[in-house]
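**Student:** This structure is in structure tokens; I'll ask about it shortly.
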Amino acid sequence: MGIVLNSVSKKVGSETHINDVSLELEIGTTNVLLGHTLAGKTSLLRLMAGLDRPTSGRILVDGKDVTGVSVRKRSVAMVYQQFVNYPSLTIYKNIASPLKMSGMSKSEIDRKVRKTAAMLHIEDLLERLPSELSGGQQQRTAIARSLVKDADLLLLDEPLVNLDYKLREELRLELQDIFKQREAIVVYTTTEPAEALMLGGNIVVMDEGRILQTGPTPDVYHNPATLKVAQVFSDPPINYLNGTVQADKARLAKDIEIPLDGHLRSVPPGNYIFGVRSNHLFLSKVAKEDAEIRVKIELAEINGSETFIHVNHGDYRLVVQEDGIHPLRIGSEIAIYVNPCCFFVYDEAGALVASPSRVSIQKRV
Amino acid sequence: MARIELNEIAHSYLHNPKGDSDYAIKRIHNVWEDGGAYALLGPSGCGKTTLLNIISGLVTPSKGRVMYDGKDVTKLPPEKRNIAQVFQFPVLYDTMTVFDNLAFPLRNRGVEQTEVTKRVHEVAEILDLTPFLEKKAAGLAADAKQKISLGRGLVRSDVAAILFDEPLTVIDPHLKWHLRRKLKEIHEQLKLTLIYVTHDQMEALTFADKVVVMLEGEIVQIGTPQDLFENPEHTFVGYFIGSPGMNFLTCTLEGNMAQVDGAKITLDEKTAALGRKAQGKLEVGIRPMYLEVSPVPVENGVPAEVKAVEDQGSHKIAVLMLAGKTLQAMLPEGKPVPEKKVWLVFPSQWTRLFADGRLIKQKE
């Protein structure tokens with residue numbers, strides 16, 4: 001069992017929402033669609049579900065062409081950003097609704113509803129109406145409804161985005177376990193790199209209706225093939241400095257010099273873009289090979305357990321991510337540090353030349 | 001500018017409130033210092049908006065008094081309190097120019113034209129709105145509109161305080177930090193009393209010098225972002241601030257040891273001594289960042305099982321089982337990932353003890 005998208009495109013009027021996407025997803029896998037808002041994630045889910053028809057290309061399920069088959073005839077369940085439930089039905093009836101047409105016996109339905117409700121910790125709320133529940137409980141109900149009928153294709157479109165961050169933390173943990181136990185193709189869209197990493201599985205990085213890169217989620221995180229993938233798959237967005245590689249060293253921005261050691265040794269002379277994630281910039285020197293960057297503080301954002309320090313180095317805007325709370329004054333001038341072994345190197349067209357975790361990278365075709 | 005005092009405030013939306021649970025605000029008694037930047041943080045339904053509305057005058061509290069600089073304003077409506085308010089959605093006149101929008105509160109009070117022009121230009125400069133002054137407000141983006149709402153408050157030289165109710169809700173995520181920065185700059189420049197309501201910890205902790213954490217109609221802690229992280233005075237603060245939140249384990253005390261179902265955690269002597277005198281349910285708390293994980297037995301190490309390790313990119317989170325309870329520990333990058341059995345060290349300077357949810361500490 002699997003779903004195959006074969007050169008699928010979707011145009012609406014003069015706009016291209018999905019641009020020549022080919023993809024193969026297998027049963028028993030969790031697949032994350034990662035991309036900024038309007039990257040085409042929801043459009044792609046709707047095509048997979050059969051809610052929309054592609055303008056060109058084919059969609060195959062189990063080798064059979066289902067391109068024109070309506071959503072009702074497919075084994076699909078979908079969870080949306082907004083909490084979609086039947087307002088006049090109890091939570092029990094909401095969860096049971098996909099089973100009503102199945103011809104399943106009452107006792108079997110009852111068993112399934114209670115089991116699924118227990119999995120999402122809403123078993124005590126079954127007699128209530130959706131309006132009597134909190135946002136988190138309403139979304140749990142919608143998720144339970146999508147799980148109850150054991151669909152082959154389980155699609156979730158940013159299901160946690162409208163919940164507050166504590167509920168998001170809880171549900172993310174629970175969903176991971178639930179997905180692992182499913183015999184289904186799970187497809188989950190998100191804009192957040194951290195959420196993608198937590199769900200693991202395979203990732204499909206999207207931008208402007210195209211697929212930029214696919215692969216096991218941690219692999220892609222550690223080897224973003226292009227600068228664009230690195231931007232989409234880093235939060236805060238990846239920092240970059242223009243640089244020139246000379247015979248024995250590289251010069252970044254105006255006056256930052258780094259030696260060509262480790263993965264940088266193989267980079268031929270020329271002009272490059274040096275990318276580094278925020279968690280690899282530090283407020284103090286950690287190792288003796290760390291390079292110093294003089295910066296001016298724009299803002300220290302504090303998220304509870306980490307601080308994101310926005311700084312300027314000339315015209316470059318950088319963000320430093322440090323553990324703990326660091327209240328820093330706007331406008332003060334400080335030094336930040338980076339270890340040269342943490343740089344991704346991209347050529348001027350944005351293709352990866354060297355990455356910290358692997359010395360040689362095969363260029364993507 | 002004003003120092004705001006809340007004197008024994010309680011509020012119920014019901015006509016005949018009976019028990020505690022009928023009160024949206026149970027008892028609040030505190031002072032908001034002149035020139036302070038405060039955030040009111042808490043989950044939905046904790047009473048933070050009700051409290052803001054009591055400060056602004058939109059709501060008259062059932063009990064207690066509101067004092068501005070020692071003067072009782074409890075019964076005064078918002079327009080008599082010299083406060084400015086910025087709401088979730090920008091409130092402005094779409095058909096007017098940006099200049100006229102900013103000038104409106106001054107013209108309304110009969111301020112002289114030359115003074116109006118001077119003030120509007122000053123405020124536009126601070127908010128980077130000068131290029132838009134002659135434009136109609138209708139065509140502007142949400143962040144510019146929200147800056148105009150803020151400008152209408154700043155333009156009055158007599159304003160006592162500016163109150164914000166989730167003002168960044170409609171702003172695009174990547175623009176939020178620009179506005180957070182602007183607010184901090186304004187506070188540094190103008191030393192206004194600012195009170196900011198939000199359920200988002202990032203907004204509260206970035207904006208405020210002092211964060212007021214609310215739960216179920218009460219203030220559970222007032223502190224700097226650092227206080228809330230390092231010394232949460234209530235288990236709720238430990239849980240709510242930080243991702244993931246603080247770990248808690250129900251325990252009993254034996255000498256300097258906290259016992260968790262047979263596992264022993266060493267506490268510092270002072271904490272243990274205070275804990276032995278405390279009443280109620282005891283819990284040990286530690287932040288995931290401070291919990292040390294060792295792959296080999298170490299002194300004071302408590303054995304635990306590794307349930308899962310999650311790669312979050314910048315660091316890994318280990319999910320651990322200790323005496324049937326789940327704990328989370330943050331693993332620094334580059335450290336080897338533990339396999340099955342580990343030993344946990346609870347450094348005593350970061351290990352806290354709570355009785356019935358409240359931090360056990362030396363009386364100040």
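In the structure tokens, the first chain shown is A, the next is B, and so on; residue numbers restart at 1 for each chain, and ligands run from 1 in the order shown.
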Taking only C-alpha atoms into account, what are the residues of chain A at most 7 Å from chain B, put as a list in words?

**Tutor:**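 Only these qualify: Ala194, Leu197, Met198, Asn279, Leu299, Ala300, Glu301, Ile302, Asn303, Gly304, Ser305 and Ile325 of chain A.
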
**Student:** Can you list, as a list of chain:residue names, every protein, DNA or RNA residue that comes within 12 Å of Pro54 of chain A when you count only C-alpha atoms, leaving out same-chain residues fewer than 6 positions away?

**Tutor:** A:Leu5, A:Asn6, A:Ser7, A:Val8, A:Ser9, A:Lys10, A:Lys11, A:Val12, A:Thr16, A:His17, A:Ile18, A:Asn19, A:Asp20, A:Val21, A:Ser43, A:Leu44, A:Leu45, A:Arg46, A:Leu47, A:Met48, A:Val66, A:Thr67, A:Gly68, A:Val69

**Student:** Show me, as number ranges by chain, the residues that have an atom within 12 Å of Leu175 of chain A when counting only C-alpha atoms, minus same-chain residues fewer than 4 positions from it.

**Tutor:** A: 30, 119-120, 140, 143-144, 147, 156, 159-160, 167-171, 179-182, 186, 188, 195, 198-200

**Student:** Using only C-alpha atoms, which protein or nucleic acid residues come within 9 Å of Glu192 of chain A? Drop anything in the same chain fewer than 2 positions from it, and give the result as a list in words.

**Tutor:**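 Near Glu192 of chain A, the qualifying residues are Leu34, Gly35, His36, Thr190, Ala194, Glu195, Ala196, Leu197, Val232, Phe233, Ser234 and Asp235 of chain A.
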
**Student:** So the first atom is atom CA of Gly2 of chain A and the second is atom CA of Ile27 of chain A; what is the distance between them in Å, to one decimal place?

**Tutor:**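 Pair atom CA of Gly2 of chain A / atom CA of Ile27 of chain A returns 5.5 Å.
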
**Student:** I need the residues in segment 217-300 of chain B that are alpha helix (DSSP H) according to DSSP; give them as a list of chain:residue names.

**Tutor:**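 Checking each residue of segment 217-300 of chain B, the alpha helix (DSSP H) ones are B:Pro225, B:Gln226, B:Asp227, B:Leu228, B:Phe229, B:Glu230, B:Thr235, B:Phe236, B:Val237, B:Gly238, B:Tyr239, B:Phe240, B:Glu269, B:Lys270, B:Thr271, B:Ala272, B:Ala273, B:Leu274, B:Gly275, B:Arg276, B:Lys277.
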
**Student:** Please, could you write that set of residues out with C-alpha atoms as a short mmCIF file (atom, residue, chain, number, x, y, z; two decimals), in the first residue's frame?

**Tutor:**
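To be explicit, this is the file written out as out.cif:
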data_model
loop_
_atom_site.label_atom_id
_atom_site.label_comp_id
_atom_site.auth_asym_id
_atom_site.auth_seq_id
_atom_site.Cartn_x
_atom_site.Cartn_y
_atom_site.Cartn_z
CA PRO B 225 12.05 36.76 33.63
CA GLN B 226 15.10 35.35 35.42
CA ASP B 227 13.19 34.94 38.72
CA LEU B 228 10.41 33.05 36.97
CA PHE B 229 12.85 30.71 35.30
CA GLU B 230 15.27 30.12 38.14
CA THR B 235 4.53 24.79 40.55
CA PHE B 236 2.30 26.46 37.96
CA VAL B 237 5.00 29.01 37.14
CA GLY B 238 7.54 26.21 36.82
CA TYR B 239 5.25 24.37 34.44
CA PHE B 240 4.01 27.37 32.43
CA GLU B 269 20.33 21.30 54.20
CA LYS B 270 18.39 24.56 54.48
CA THR B 271 15.71 23.48 52.02
CA ALA B 272 15.37 20.11 53.72
CA ALA B 273 15.07 21.73 57.17
CA LEU B 274 12.32 24.07 55.94
CA GLY B 275 10.64 21.19 54.14
CA ARG B 276 10.43 19.11 57.31
CA LYS B 277 8.38 21.89 58.92
#

**Student:** Restricting the calculation to only C-alpha atoms: of A:Ile330, A:Val311, A:Leu241, A:Leu60, which residue gets closest to Asp255 of chain A?

**Tutor:**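 Closest candidate: A:Leu241.
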
**Student:** Write out as a count of residues only which residues come within 12 Å of segment 57-62 of chain B when counting only C-alpha atoms, dropping same-chain ones fewer than 6 positions away.

**Tutor:** 38

**Student:** With a distance cut-off of 6 Å and only C-alpha atoms, select the neighbouring residues of segment 206-208 of chain A, excluding the residue or stretch itself and same-chain residues fewer than 3 positions from it, and output the selection as an MDAnalysis selection string.

**Tutor:** chainID A and resid 35 39 211:212

**Student:** Can you tell me, as an MDAnalysis selection string, what residues are no more than 12 Å from segment 252-257 of chain B when counting only C-alpha atoms, ignoring any on the same chain fewer than 6 positions away?

**Tutor:** chainID B and resid 263:284 300 302 346 348 351 353:355

**Student:** Please produce a file of those selected residues containing C-alpha atoms, as a short mmCIF file (atom, residue, chain, number, x, y, z; two decimals), in the first residue's frame.

**Tutor:**
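Dumped everything to selection17.cif:
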data_model
loop_
_atom_site.label_atom_id
_atom_site.label_comp_id
_atom_site.auth_asym_id
_atom_site.auth_seq_id
_atom_site.Cartn_x
_atom_site.Cartn_y
_atom_site.Cartn_z
CA ALA B 263 14.66 6.74 44.86
CA LYS B 264 16.63 9.26 46.94
CA ILE B 265 17.39 12.83 45.87
CA THR B 266 19.80 14.88 47.97
CA LEU B 267 18.59 18.35 48.92
CA ASP B 268 20.59 21.18 50.44
CA GLU B 269 20.33 21.30 54.20
CA LYS B 270 18.39 24.56 54.48
CA THR B 271 15.71 23.48 52.02
CA ALA B 272 15.37 20.11 53.72
CA ALA B 273 15.07 21.73 57.17
CA LEU B 274 12.32 24.07 55.94
CA GLY B 275 10.64 21.19 54.14
CA ARG B 276 10.43 19.11 57.31
CA LYS B 277 8.38 21.89 58.92
CA ALA B 278 6.11 22.39 55.91
CA GLN B 279 2.52 21.12 55.68
CA GLY B 280 0.80 19.53 52.72
CA LYS B 281 1.86 17.65 49.61
CA LEU B 282 5.60 17.85 48.96
CA GLU B 283 7.09 17.94 45.47
CA VAL B 284 10.66 18.18 44.20
CA ASN B 300 24.38 11.02 44.31
CA VAL B 302 19.60 8.32 40.93
CA PHE B 346 19.85 16.81 40.80
CA SER B 348 21.13 21.03 44.87
CA THR B 351 16.57 21.61 42.99
CA LEU B 353 10.96 21.91 47.02
CA PHE B 354 7.25 22.79 46.92
CA ALA B 355 4.52 22.28 49.51
#

**Student:** What does the structure give for the distance between atom CA of Lys136 of chain B and atom CA of Leu102 of chain B, in Å to one decimal?

**Tutor:**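 Distance between the two atoms: 11.9 Å.
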
**Student:** I need the residues in segment 115-347 of chain B that are strand (DSSP E or B) according to DSSP; give them as an mmCIF file with N, CA and C atoms, in the first residue's frame.

**Tutor:**
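part16.cif written:
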data_model
loop_
_atom_site.group_PDB
_atom_site.id
_atom_site.type_symbol
_atom_site.label_atom_id
_atom_site.label_comp_id
_atom_site.auth_asym_id
_atom_site.auth_seq_id
_atom_site.Cartn_x
_atom_site.Cartn_y
_atom_site.Cartn_z
ATOM 1 N N LYS B 136 -3.691 57.701 3.943
ATOM 2 C CA LYS B 136 -4.893 57.254 4.639
ATOM 3 C C LYS B 136 -4.564 55.970 5.414
ATOM 4 N N ALA B 161 -0.784 55.877 31.949
ATOM 5 C CA ALA B 161 -0.307 54.520 31.699
ATOM 6 C C ALA B 161 -0.846 54.081 30.350
ATOM 7 N N ILE B 162 -0.113 53.176 29.698
ATOM 8 C CA ILE B 162 -0.624 52.593 28.457
ATOM 9 C C ILE B 162 -0.866 51.113 28.703
ATOM 10 N N LEU B 163 -2.080 50.678 28.371
ATOM 11 C CA LEU B 163 -2.468 49.296 28.614
ATOM 12 C C LEU B 163 -2.622 48.571 27.286
ATOM 13 N N PHE B 164 -2.039 47.389 27.192
ATOM 14 C CA PHE B 164 -2.060 46.613 25.946
ATOM 15 C C PHE B 164 -2.759 45.294 26.202
ATOM 16 N N ASP B 165 -3.741 44.953 25.320
ATOM 17 C CA ASP B 165 -4.407 43.663 25.447
ATOM 18 C C ASP B 165 -4.060 42.809 24.232
ATOM 19 N N LEU B 194 3.759 50.856 31.608
ATOM 20 C CA LEU B 194 3.149 50.045 30.553
ATOM 21 C C LEU B 194 2.667 48.731 31.155
ATOM 22 N N ILE B 195 1.450 48.337 30.835
ATOM 23 C CA ILE B 195 0.914 47.058 31.309
ATOM 24 C C ILE B 195 0.405 46.288 30.104
ATOM 25 N N TYR B 196 0.884 45.070 29.966
ATOM 26 C CA TYR B 196 0.733 44.312 28.723
ATOM 27 C C TYR B 196 0.158 42.938 29.034
ATOM 28 N N VAL B 197 -1.029 42.650 28.519
ATOM 29 C CA VAL B 197 -1.666 41.354 28.778
ATOM 30 C C VAL B 197 -1.382 40.380 27.650
ATOM 31 N N THR B 198 -0.957 39.186 27.978
ATOM 32 C CA THR B 198 -0.720 38.168 26.948
ATOM 33 C C THR B 198 -0.750 36.771 27.555
ATOM 34 N N LYS B 210 9.025 43.334 34.827
ATOM 35 C CA LYS B 210 8.368 42.509 35.836
ATOM 36 C C LYS B 210 7.202 41.771 35.189
ATOM 37 N N VAL B 211 7.154 40.462 35.382
ATOM 38 C CA VAL B 211 6.065 39.668 34.831
ATOM 39 C C VAL B 211 5.155 39.255 35.984
ATOM 40 N N VAL B 212 3.861 39.504 35.802
ATOM 41 C CA VAL B 212 2.871 39.142 36.813
ATOM 42 C C VAL B 212 2.161 37.900 36.296
ATOM 43 N N VAL B 213 2.401 36.741 36.947
ATOM 44 C CA VAL B 213 1.794 35.496 36.466
ATOM 45 C C VAL B 213 0.493 35.257 37.227
ATOM 46 N N MET B 214 -0.591 35.049 36.486
ATOM 47 C CA MET B 214 -1.891 34.834 37.116
ATOM 48 C C MET B 214 -2.397 33.429 36.872
ATOM 49 N N LEU B 215 -3.133 32.919 37.864
ATOM 50 C CA LEU B 215 -3.781 31.613 37.755
ATOM 51 C C LEU B 215 -5.072 31.664 38.549
ATOM 52 N N GLU B 218 -5.900 34.750 40.718
ATOM 53 C CA GLU B 218 -4.928 35.217 41.705
ATOM 54 C C GLU B 218 -3.566 35.415 41.051
ATOM 55 N N ILE B 219 -2.758 36.288 41.676
ATOM 56 C CA ILE B 219 -1.386 36.441 41.223
ATOM 57 C C ILE B 219 -0.558 35.367 41.925
ATOM 58 N N VAL B 220 0.156 34.535 41.154
ATOM 59 C CA VAL B 220 0.972 33.507 41.810
ATOM 60 C C VAL B 220 2.433 33.925 41.931
ATOM 61 N N GLN B 221 2.879 34.850 41.089
ATOM 62 C CA GLN B 221 4.247 35.356 41.234
ATOM 63 C C GLN B 221 4.411 36.649 40.445
ATOM 64 N N ILE B 222 5.174 37.574 41.023
ATOM 65 C CA ILE B 222 5.598 38.770 40.299
ATOM 66 C C ILE B 222 7.110 38.733 40.301
ATOM 67 N N GLY B 223 7.728 38.713 39.126
ATOM 68 C CA GLY B 223 9.184 38.629 39.116
ATOM 69 C C GLY B 223 9.774 38.968 37.769
ATOM 70 N N HIS B 234 5.779 28.946 42.456
ATOM 71 C CA HIS B 234 4.598 28.115 42.417
ATOM 72 C C HIS B 234 4.833 27.061 41.335
ATOM 73 N N ASN B 247 10.223 19.806 35.787
ATOM 74 C CA ASN B 247 9.833 18.461 36.218
ATOM 75 C C ASN B 247 9.405 18.501 37.685
ATOM 76 N N PHE B 248 8.343 17.763 38.031
ATOM 77 C CA PHE B 248 7.927 17.668 39.435
ATOM 78 C C PHE B 248 7.771 16.211 39.840
ATOM 79 N N LEU B 249 8.213 15.893 41.062
ATOM 80 C CA LEU B 249 8.067 14.540 41.595
ATOM 81 C C LEU B 249 7.508 14.638 43.008
ATOM 82 N N THR B 250 6.415 13.931 43.270
ATOM 83 C CA THR B 250 5.862 13.899 44.618
ATOM 84 C C THR B 250 6.845 13.126 45.512
ATOM 85 N N THR B 252 8.529 12.366 49.821
ATOM 86 C CA THR B 252 8.512 12.536 51.278
ATOM 87 C C THR B 252 9.942 12.877 51.683
ATOM 88 N N LEU B 253 10.106 13.368 52.915
ATOM 89 C CA LEU B 253 11.445 13.772 53.337
ATOM 90 C C LEU B 253 11.985 12.831 54.394
ATOM 91 N N GLU B 254 13.279 12.546 54.268
ATOM 92 C CA GLU B 254 13.955 11.770 55.296
ATOM 93 C C GLU B 254 15.330 12.389 55.451
ATOM 94 N N MET B 257 17.210 13.945 52.463
ATOM 95 C CA MET B 257 16.858 13.223 51.255
ATOM 96 C C MET B 257 15.384 13.366 50.937
ATOM 97 N N ALA B 258 15.094 13.661 49.664
ATOM 98 C CA ALA B 258 13.718 13.579 49.198
ATOM 99 C C ALA B 258 13.538 12.178 48.651
ATOM 100 N N GLN B 259 12.537 11.463 49.164
ATOM 101 C CA GLN B 259 12.298 10.089 48.733
ATOM 102 C C GLN B 259 11.174 10.064 47.714
ATOM 103 N N VAL B 260 11.465 9.500 46.547
ATOM 104 C CA VAL B 260 10.451 9.350 45.513
ATOM 105 C C VAL B 260 10.318 7.857 45.246
ATOM 106 N N ALA B 263 13.502 5.999 45.395
ATOM 107 C CA ALA B 263 14.655 6.735 44.862
ATOM 108 C C ALA B 263 14.947 7.919 45.779
ATOM 109 N N LYS B 264 16.264 8.203 45.995
ATOM 110 C CA LYS B 264 16.631 9.261 46.938
ATOM 111 C C LYS B 264 17.316 10.422 46.221
ATOM 112 N N ILE B 265 16.809 11.639 46.476
ATOM 113 C CA ILE B 265 17.394 12.832 45.871
ATOM 114 C C ILE B 265 17.923 13.718 46.996
ATOM 115 N N THR B 266 19.202 14.080 46.909
ATOM 116 C CA THR B 266 19.804 14.880 47.974
ATOM 117 C C THR B 266 19.410 16.346 47.828
ATOM 118 N N LEU B 282 4.257 17.400 49.329
ATOM 119 C CA LEU B 282 5.605 17.846 48.958
ATOM 120 C C LEU B 282 5.971 17.384 47.545
ATOM 121 N N GLU B 283 6.607 18.285 46.800
ATOM 122 C CA GLU B 283 7.095 17.937 45.468
ATOM 123 C C GLU B 283 8.495 18.495 45.260
ATOM 124 N N VAL B 284 9.344 17.697 44.624
ATOM 125 C CA VAL B 284 10.663 18.176 44.202
ATOM 126 C C VAL B 284 10.524 18.689 42.781
ATOM 127 N N GLY B 285 11.156 19.834 42.474
ATOM 128 C CA GLY B 285 11.084 20.383 41.119
ATOM 129 C C GLY B 285 12.463 20.709 40.574
ATOM 130 N N ILE B 286 12.667 20.421 39.298
ATOM 131 C CA ILE B 286 13.927 20.790 38.651
ATOM 132 C C ILE B 286 13.678 21.042 37.158
ATOM 133 N N GLU B 292 21.067 16.650 35.325
ATOM 134 C CA GLU B 292 22.244 16.068 34.676
ATOM 135 C C GLU B 292 22.044 14.580 34.444
ATOM 136 N N VAL B 293 22.418 14.122 33.265
ATOM 137 C CA VAL B 293 22.235 12.721 32.877
ATOM 138 C C VAL B 293 23.607 12.086 32.681
ATOM 139 N N SER B 294 23.870 11.015 33.434
ATOM 140 C CA SER B 294 25.162 10.340 33.299
ATOM 141 C C SER B 294 24.958 8.899 32.837
ATOM 142 N N VAL B 302 20.809 9.105 40.741
ATOM 143 C CA VAL B 302 19.598 8.324 40.933
ATOM 144 C C VAL B 302 19.361 7.518 39.665
ATOM 145 N N PRO B 303 19.264 6.173 39.756
ATOM 146 C CA PRO B 303 19.079 5.394 38.528
ATOM 147 C C PRO B 303 17.726 5.655 37.871
ATOM 148 N N ALA B 304 17.728 5.717 36.545
ATOM 149 C CA ALA B 304 16.495 5.945 35.787
ATOM 150 C C ALA B 304 16.609 5.248 34.440
ATOM 151 N N GLU B 305 15.450 5.080 33.775
ATOM 152 C CA GLU B 305 15.413 4.442 32.460
ATOM 153 C C GLU B 305 15.188 5.503 31.386
ATOM 154 N N VAL B 306 15.811 5.317 30.229
ATOM 155 C CA VAL B 306 15.560 6.220 29.100
ATOM 156 C C VAL B 306 14.383 5.669 28.307
ATOM 157 N N LYS B 307 13.341 6.493 28.157
ATOM 158 C CA LYS B 307 12.163 6.058 27.413
ATOM 159 C C LYS B 307 12.283 6.476 25.952
ATOM 160 N N ALA B 308 12.754 7.684 25.728
ATOM 161 C CA ALA B 308 12.900 8.187 24.358
ATOM 162 C C ALA B 308 13.878 9.351 24.360
ATOM 163 N N VAL B 309 14.475 9.611 23.221
ATOM 164 C CA VAL B 309 15.305 10.805 23.065
ATOM 165 C C VAL B 309 14.805 11.532 21.826
ATOM 166 N N GLU B 310 14.423 12.799 22.010
ATOM 167 C CA GLU B 310 13.887 13.568 20.894
ATOM 168 C C GLU B 310 14.908 14.578 20.427
ATOM 169 N N ASP B 311 15.159 14.566 19.126
ATOM 170 C CA ASP B 311 16.085 15.528 18.547
ATOM 171 C C ASP B 311 15.299 16.786 18.201
ATOM 172 N N LYS B 316 18.832 17.976 22.361
ATOM 173 C CA LYS B 316 17.980 16.792 22.447
ATOM 174 C C LYS B 316 17.266 16.791 23.796
ATOM 175 N N ILE B 317 16.068 16.234 23.821
ATOM 176 C CA ILE B 317 15.334 16.074 25.075
ATOM 177 C C ILE B 317 15.268 14.584 25.373
ATOM 178 N N ALA B 318 15.752 14.200 26.561
ATOM 179 C CA ALA B 318 15.641 12.810 26.967
ATOM 180 C C ALA B 318 14.391 12.664 27.818
ATOM 181 N N VAL B 319 13.547 11.704 27.475
ATOM 182 C CA VAL B 319 12.367 11.400 28.288
ATOM 183 C C VAL B 319 12.753 10.216 29.169
ATOM 184 N N LEU B 320 12.680 10.419 30.492
ATOM 185 C CA LEU B 320 13.229 9.454 31.437
ATOM 186 C C LEU B 320 12.151 8.955 32.386
ATOM 187 N N MET B 321 12.302 7.706 32.833
ATOM 188 C CA MET B 321 11.377 7.161 33.817
ATOM 189 C C MET B 321 12.118 6.982 35.137
ATOM 190 N N LEU B 322 11.575 7.613 36.180
ATOM 191 C CA LEU B 322 12.156 7.469 37.509
ATOM 192 C C LEU B 322 11.029 7.069 38.451
ATOM 193 N N LYS B 325 7.609 7.659 37.285
ATOM 194 C CA LYS B 325 7.249 9.017 36.865
ATOM 195 C C LYS B 325 8.087 9.406 35.641
ATOM 196 N N THR B 326 7.514 10.293 34.814
ATOM 197 C CA THR B 326 8.229 10.750 33.631
ATOM 198 C C THR B 326 8.948 12.069 33.918
ATOM 199 N N LEU B 327 10.216 12.131 33.523
ATOM 200 C CA LEU B 327 10.996 13.363 33.652
ATOM 201 C C LEU B 327 11.583 13.706 32.298
ATOM 202 N N GLN B 328 11.869 15.005 32.081
ATOM 203 C CA GLN B 328 12.553 15.389 30.851
ATOM 204 C C GLN B 328 13.862 16.077 31.201
ATOM 205 N N ALA B 329 14.894 15.777 30.418
ATOM 206 C CA ALA B 329 16.188 16.427 30.617
ATOM 207 C C ALA B 329 16.673 16.938 29.274
ATOM 208 N N MET B 330 17.289 18.118 29.295
ATOM 209 C CA MET B 330 17.819 18.671 28.068
ATOM 210 C C MET B 330 19.255 18.191 27.924
ATOM 211 N N LEU B 331 19.584 17.604 26.789
ATOM 212 C CA LEU B 331 20.944 17.140 26.572
ATOM 213 C C LEU B 331 21.655 18.142 25.673
ATOM 214 N N LYS B 341 19.894 2.640 30.557
ATOM 215 C CA LYS B 341 19.957 2.977 31.964
ATOM 216 C C LYS B 341 20.862 4.196 32.149
ATOM 217 N N VAL B 342 20.408 5.130 32.977
ATOM 218 C CA VAL B 342 21.219 6.318 33.250
ATOM 219 C C VAL B 342 21.147 6.648 34.740
ATOM 220 N N TRP B 343 22.018 7.544 35.179
ATOM 221 C CA TRP B 343 21.986 8.041 36.544
ATOM 222 C C TRP B 343 21.755 9.542 36.498
ATOM 223 N N LEU B 344 20.748 9.980 37.254
ATOM 224 C CA LEU B 344 20.383 11.395 37.215
ATOM 225 C C LEU B 344 20.953 12.105 38.425
ATOM 226 N N VAL B 345 21.537 13.260 38.176
ATOM 227 C CA VAL B 345 22.017 14.090 39.276
ATOM 228 C C VAL B 345 21.153 15.340 39.337
#

**Student:** Just how far from atom CA of Leu168 of chain B is atom CA of Asp128 of chain B, in Å to one decimal?

**Tutor:** 17.3 Å

**Student:** Which is closest to Leu140 of chain B among B:Ser157, B:Thr97, B:Thr114, B:Asn53, if we use only C-alpha atoms?

**Tutor:**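 Looking only at the distances to Leu140 of chain B, the closest residue turns out to be B:Thr97.
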